[in-house]
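K.L.:
My questions all concern the structure below.
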Amino acid sequence: MEITHIRSHSDLMDNLAKAKNAYLLLYKNESDTSSCARKQIEEVEIETGDITMLAADVSEVRDIHGQYGISSVPTLLEFDGTKVKNMVKGCHDSSYYKSYFEHIIYELKADASDKPTKRVTVYTTPTCPWCTTVKNFLKKHGVRYTEINVAADQSAAQAMVSKSGQQGVPQTEINGEMVIGFDQSKLNRLLELK
């Protein structure tokens with residue numbers, strides 16, 4: 001992902017005025033955690049036509065972080081116009097950032113359509129090939145979803161079992177109704193896909 005470096009708060013405002021969806025990574029050049037965040041974001045490969053990625057080194061650009069109450073870096077700011085909509089602190093791996101930006105893109109596509117948005121949660125484990133099939137199906141149809149790795153979250157695993165009575169994954173919850181496995185016809189029906 002290409003990052004544009006900015007030099008001041010006024011430079012930020014100019015970029016926000018031109019951008020549909022802008023993100024700003026505040027970092028400190030000589031910090032290992034900041035270097036990690038920059039590297040991981042740069043590694044993200046995604047169709048980013050509507051996303052503008054900006055960055056500012058707080059040791060050089062001193063008039064931005066105070067404006068938004070940022071006391072630690074790295075921090076990724078998501079903007080809605082000129083207002084901060086969301087913050088992601090620390091360094092995460094590139095797959096986290098890729099999922100984050102893909103989620104935003106799907107959210108934008110969903111907002112552009114007239115259909116009401118469905119609440120979709122996919123319960124997965126890292127080694128489950130059918131989980132990947134379900135996620136790819138949802139991405140293909142522009143359905144935004146939340147992914148929960150039940151191997152890493154025992155309480156989420158228990159909640160999933162209490163909802164469906166099943167332990168296997170994938171399980172997809174659509175507006176409170178559970179779909180076990182990759183049941184394409186049920187997914188189509190619940191998501192109102194043709």
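Here's how to read the names in the structure tokens: chain A, B, ... by the order shown, residue numbers from 1 in each chain, ligand numbers from 1 in the order shown.
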Could you list, as an NGL selection string, every residue within 12 Å of Ala157 (chain A), counting only C-alpha atoms and ignoring same-chain residues fewer than 2 positions away?

P.N.:
:A and (122-125 or 148-155 or 159-171)

K.L.:
Kindly export the residues of the current selection with N, CA and C atoms, as an mmCIF file, in the first residue's frame.

P.N.:
```cif
data_model
loop_
_atom_site.group_PDB
_atom_site.id
_atom_site.type_symbol
_atom_site.label_atom_id
_atom_site.label_comp_id
_atom_site.auth_asym_id
_atom_site.auth_seq_id
_atom_site.Cartn_x
_atom_site.Cartn_y
_atom_site.Cartn_z
ATOM 1 N N VAL A 122 -18.704 -14.752 11.097
ATOM 2 C CA VAL A 122 -18.203 -16.056 10.681
ATOM 3 C C VAL A 122 -17.289 -16.581 11.789
ATOM 4 N N TYR A 123 -17.649 -17.741 12.320
ATOM 5 C CA TYR A 123 -16.835 -18.402 13.341
ATOM 6 C C TYR A 123 -15.882 -19.351 12.634
ATOM 7 N N THR A 124 -14.588 -19.198 12.895
ATOM 8 C CA THR A 124 -13.562 -19.932 12.150
ATOM 9 C C THR A 124 -12.473 -20.463 13.079
ATOM 10 N N THR A 125 -11.582 -21.271 12.478
ATOM 11 C CA THR A 125 -10.289 -21.612 13.076
ATOM 12 C C THR A 125 -9.240 -21.429 11.975
ATOM 13 N N ILE A 148 -14.568 -14.375 13.813
ATOM 14 C CA ILE A 148 -14.152 -14.724 15.167
ATOM 15 C C ILE A 148 -13.438 -16.067 15.116
ATOM 16 N N ASN A 149 -12.179 -16.061 15.551
ATOM 17 C CA ASN A 149 -11.359 -17.274 15.608
ATOM 18 C C ASN A 149 -11.676 -17.967 16.933
ATOM 19 N N VAL A 150 -12.486 -19.019 16.886
ATOM 20 C CA VAL A 150 -12.905 -19.705 18.117
ATOM 21 C C VAL A 150 -11.776 -20.523 18.740
ATOM 22 N N ALA A 151 -10.714 -20.788 17.992
ATOM 23 C CA ALA A 151 -9.562 -21.483 18.567
ATOM 24 C C ALA A 151 -8.821 -20.575 19.544
ATOM 25 N N ALA A 152 -8.918 -19.266 19.332
ATOM 26 C CA ALA A 152 -8.213 -18.306 20.178
ATOM 27 C C ALA A 152 -9.119 -17.646 21.211
ATOM 28 N N ASP A 153 -10.424 -17.882 21.119
ATOM 29 C CA ASP A 153 -11.369 -17.210 22.016
ATOM 30 C C ASP A 153 -12.373 -18.227 22.554
ATOM 31 N N GLN A 154 -12.086 -18.771 23.738
ATOM 32 C CA GLN A 154 -12.902 -19.833 24.321
ATOM 33 C C GLN A 154 -14.329 -19.374 24.608
ATOM 34 N N SER A 155 -14.491 -18.134 25.076
ATOM 35 C CA SER A 155 -15.848 -17.652 25.372
ATOM 36 C C SER A 155 -16.667 -17.524 24.093
ATOM 37 N N ALA A 159 -20.110 -19.456 23.142
ATOM 38 C CA ALA A 159 -21.282 -18.718 22.660
ATOM 39 C C ALA A 159 -21.782 -19.309 21.344
ATOM 40 N N MET A 160 -20.849 -19.679 20.459
ATOM 41 C CA MET A 160 -21.214 -20.279 19.174
ATOM 42 C C MET A 160 -21.968 -21.586 19.398
ATOM 43 N N VAL A 161 -21.437 -22.449 20.269
ATOM 44 C CA VAL A 161 -22.064 -23.745 20.546
ATOM 45 C C VAL A 161 -23.448 -23.543 21.170
ATOM 46 N N SER A 162 -23.583 -22.559 22.043
ATOM 47 C CA SER A 162 -24.895 -22.332 22.666
ATOM 48 C C SER A 162 -25.921 -21.838 21.651
ATOM 49 N N LYS A 163 -25.474 -21.141 20.610
ATOM 50 C CA LYS A 163 -26.396 -20.651 19.577
ATOM 51 C C LYS A 163 -26.816 -21.753 18.607
ATOM 52 N N SER A 164 -25.862 -22.640 18.256
ATOM 53 C CA SER A 164 -26.130 -23.608 17.197
ATOM 54 C C SER A 164 -26.252 -25.050 17.685
ATOM 55 N N GLY A 165 -25.691 -25.349 18.857
ATOM 56 C CA GLY A 165 -25.642 -26.724 19.321
ATOM 57 C C GLY A 165 -24.552 -27.532 18.628
ATOM 58 N N GLN A 166 -23.721 -26.866 17.825
ATOM 59 C CA GLN A 166 -22.669 -27.541 17.056
ATOM 60 C C GLN A 166 -21.308 -26.978 17.432
ATOM 61 N N GLN A 167 -20.262 -27.842 17.390
ATOM 62 C CA GLN A 167 -18.909 -27.387 17.691
ATOM 63 C C GLN A 167 -18.076 -27.116 16.449
ATOM 64 N N GLY A 168 -18.436 -27.720 15.324
ATOM 65 C CA GLY A 168 -17.628 -27.598 14.111
ATOM 66 C C GLY A 168 -17.685 -26.210 13.503
ATOM 67 N N VAL A 169 -16.658 -25.902 12.732
ATOM 68 C CA VAL A 169 -16.614 -24.655 11.975
ATOM 69 C C VAL A 169 -16.444 -24.992 10.500
ATOM 70 N N PRO A 170 -16.833 -24.116 9.600
ATOM 71 C CA PRO A 170 -17.310 -22.770 9.847
ATOM 72 C C PRO A 170 -18.769 -22.757 10.276
ATOM 73 N N GLN A 171 -19.108 -21.701 10.993
ATOM 74 C CA GLN A 171 -20.498 -21.387 11.275
ATOM 75 C C GLN A 171 -20.663 -19.906 10.971
#
```

K.L.:
Could you pull the residues within 12 Å of Ser8 (chain A), counting only C-alpha atoms, minus those fewer than 6 positions along the same chain, as an NGL selection string?

P.N.:
:A and (14-15 or 26 or 54-67)

K.L.:
What's the 10 Å shell around Ile174 (chain A), counting only C-alpha atoms, without same-chain residues fewer than 6 positions away, as number ranges by chain?

P.N.:
A: 118-122, 145, 187, 190-191

K.L.:
Applying 10 Å and only C-alpha atoms, which residues near Gln40 (chain A) remain after dropping the ones on its own chain fewer than 3 positions away? List them as a count of residues only.

P.N.:
15

K.L.:
From the DSSP assignment of the backbone, select every residue of region 11-158 of chain A that is strand (DSSP E), and format the answer as an NGL selection string.

P.N.:
:A and (21-27 or 51-57 or 75-80 or 83-89 or 120-124 or 146-149)

K.L.:
Could you dump the residues just selected with C-alpha atoms as a PDB file, in the first residue's frame?

P.N.:
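Result saved to out-v4.pdb:
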```
ATOM      1  CA  ASN A  21     -11.570   7.623   2.826  1.00  0.00           C
ATOM      2  CA  ALA A  22      -8.394   8.682   4.555  1.00  0.00           C
ATOM      3  CA  TYR A  23      -6.185   7.045   7.153  1.00  0.00           C
ATOM      4  CA  LEU A  24      -3.268   8.584   9.000  1.00  0.00           C
ATOM      5  CA  LEU A  25      -0.497   6.566  10.626  1.00  0.00           C
ATOM      6  CA  LEU A  26       1.165   8.556  13.382  1.00  0.00           C
ATOM      7  CA  TYR A  27       4.557   7.040  14.161  1.00  0.00           C
ATOM      8  CA  ILE A  51      -8.457   4.667   0.289  1.00  0.00           C
ATOM      9  CA  THR A  52      -5.848   7.362   0.952  1.00  0.00           C
ATOM     10  CA  MET A  53      -3.063   6.324   3.334  1.00  0.00           C
ATOM     11  CA  LEU A  54      -1.151   9.150   5.009  1.00  0.00           C
ATOM     12  CA  ALA A  55       1.666   9.076   7.565  1.00  0.00           C
ATOM     13  CA  ALA A  56       3.368  11.567   9.848  1.00  0.00           C
ATOM     14  CA  ASP A  57       6.442  11.194  12.039  1.00  0.00           C
ATOM     15  CA  THR A  75      -1.641   4.922  16.040  1.00  0.00           C
ATOM     16  CA  LEU A  76      -3.655   4.529  12.846  1.00  0.00           C
ATOM     17  CA  LEU A  77      -6.479   7.078  12.603  1.00  0.00           C
ATOM     18  CA  GLU A  78      -9.501   6.480  10.374  1.00  0.00           C
ATOM     19  CA  PHE A  79     -11.181   9.697   9.264  1.00  0.00           C
ATOM     20  CA  ASP A  80     -14.758  10.532   8.344  1.00  0.00           C
ATOM     21  CA  LYS A  83     -13.246  13.915  12.176  1.00  0.00           C
ATOM     22  CA  VAL A  84     -11.578  10.812  13.595  1.00  0.00           C
ATOM     23  CA  LYS A  85     -13.911   7.822  13.250  1.00  0.00           C
ATOM     24  CA  ASN A  86     -11.685   5.052  14.643  1.00  0.00           C
ATOM     25  CA  MET A  87      -8.188   4.413  16.039  1.00  0.00           C
ATOM     26  CA  VAL A  88      -5.957   1.348  15.908  1.00  0.00           C
ATOM     27  CA  LYS A  89      -3.017   1.482  18.321  1.00  0.00           C
ATOM     28  CA  VAL A 120     -22.846 -11.371   9.607  1.00  0.00           C
ATOM     29  CA  THR A 121     -20.375 -13.165  11.869  1.00  0.00           C
ATOM     30  CA  VAL A 122     -18.203 -16.056  10.681  1.00  0.00           C
ATOM     31  CA  TYR A 123     -16.835 -18.402  13.341  1.00  0.00           C
ATOM     32  CA  THR A 124     -13.562 -19.932  12.150  1.00  0.00           C
ATOM     33  CA  THR A 146     -16.901 -10.056  11.394  1.00  0.00           C
ATOM     34  CA  GLU A 147     -14.594 -13.040  11.800  1.00  0.00           C
ATOM     35  CA  ILE A 148     -14.152 -14.724  15.167  1.00  0.00           C
ATOM     36  CA  ASN A 149     -11.359 -17.274  15.608  1.00  0.00           C
TER      37      ASN A 149
END
```

K.L.:
Could you give me, as a list in words, the residues within 9 Å of region 136-139 of chain A, counting only C-alpha atoms and dropping anything in the same chain fewer than 4 positions from it?

P.N.:
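That gives Glu102, Tyr106, Cys131, Thr132, Val143, Arg144, Tyr145 and Gln184 of chain A.
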
K.L.:
For Thr133 (chain A), which of A:Thr82, A:Asn188, A:Phe182, A:Leu193 is the closest residue, counting only C-alpha atoms?

P.N.:
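For Thr133 (chain A), the nearest of the candidates is A:Phe182.
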
K.L.:
Mind pulling up the distance from CA of Tyr68 (chain A) to CA of Asp50 (chain A)?

P.N.:
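Pair CA of Asp50 (chain A) / CA of Tyr68 (chain A) returns 23.3 Å.
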
K.L.:
For Gly142 (chain A), which of A:Pro74, A:Ile6, A:His103, A:Ile41 is the closest residue, counting only C-alpha atoms?

P.N.:
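So, comparing all the options, the nearest one is A:His103.
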
K.L.:
State, in Å with one decimal place, the distance from CA of Pro129 (chain A) to CA of Lys39 (chain A).

P.N.:
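Going from CA of Pro129 (chain A) over to CA of Lys39 (chain A), I get 28.3 Å.
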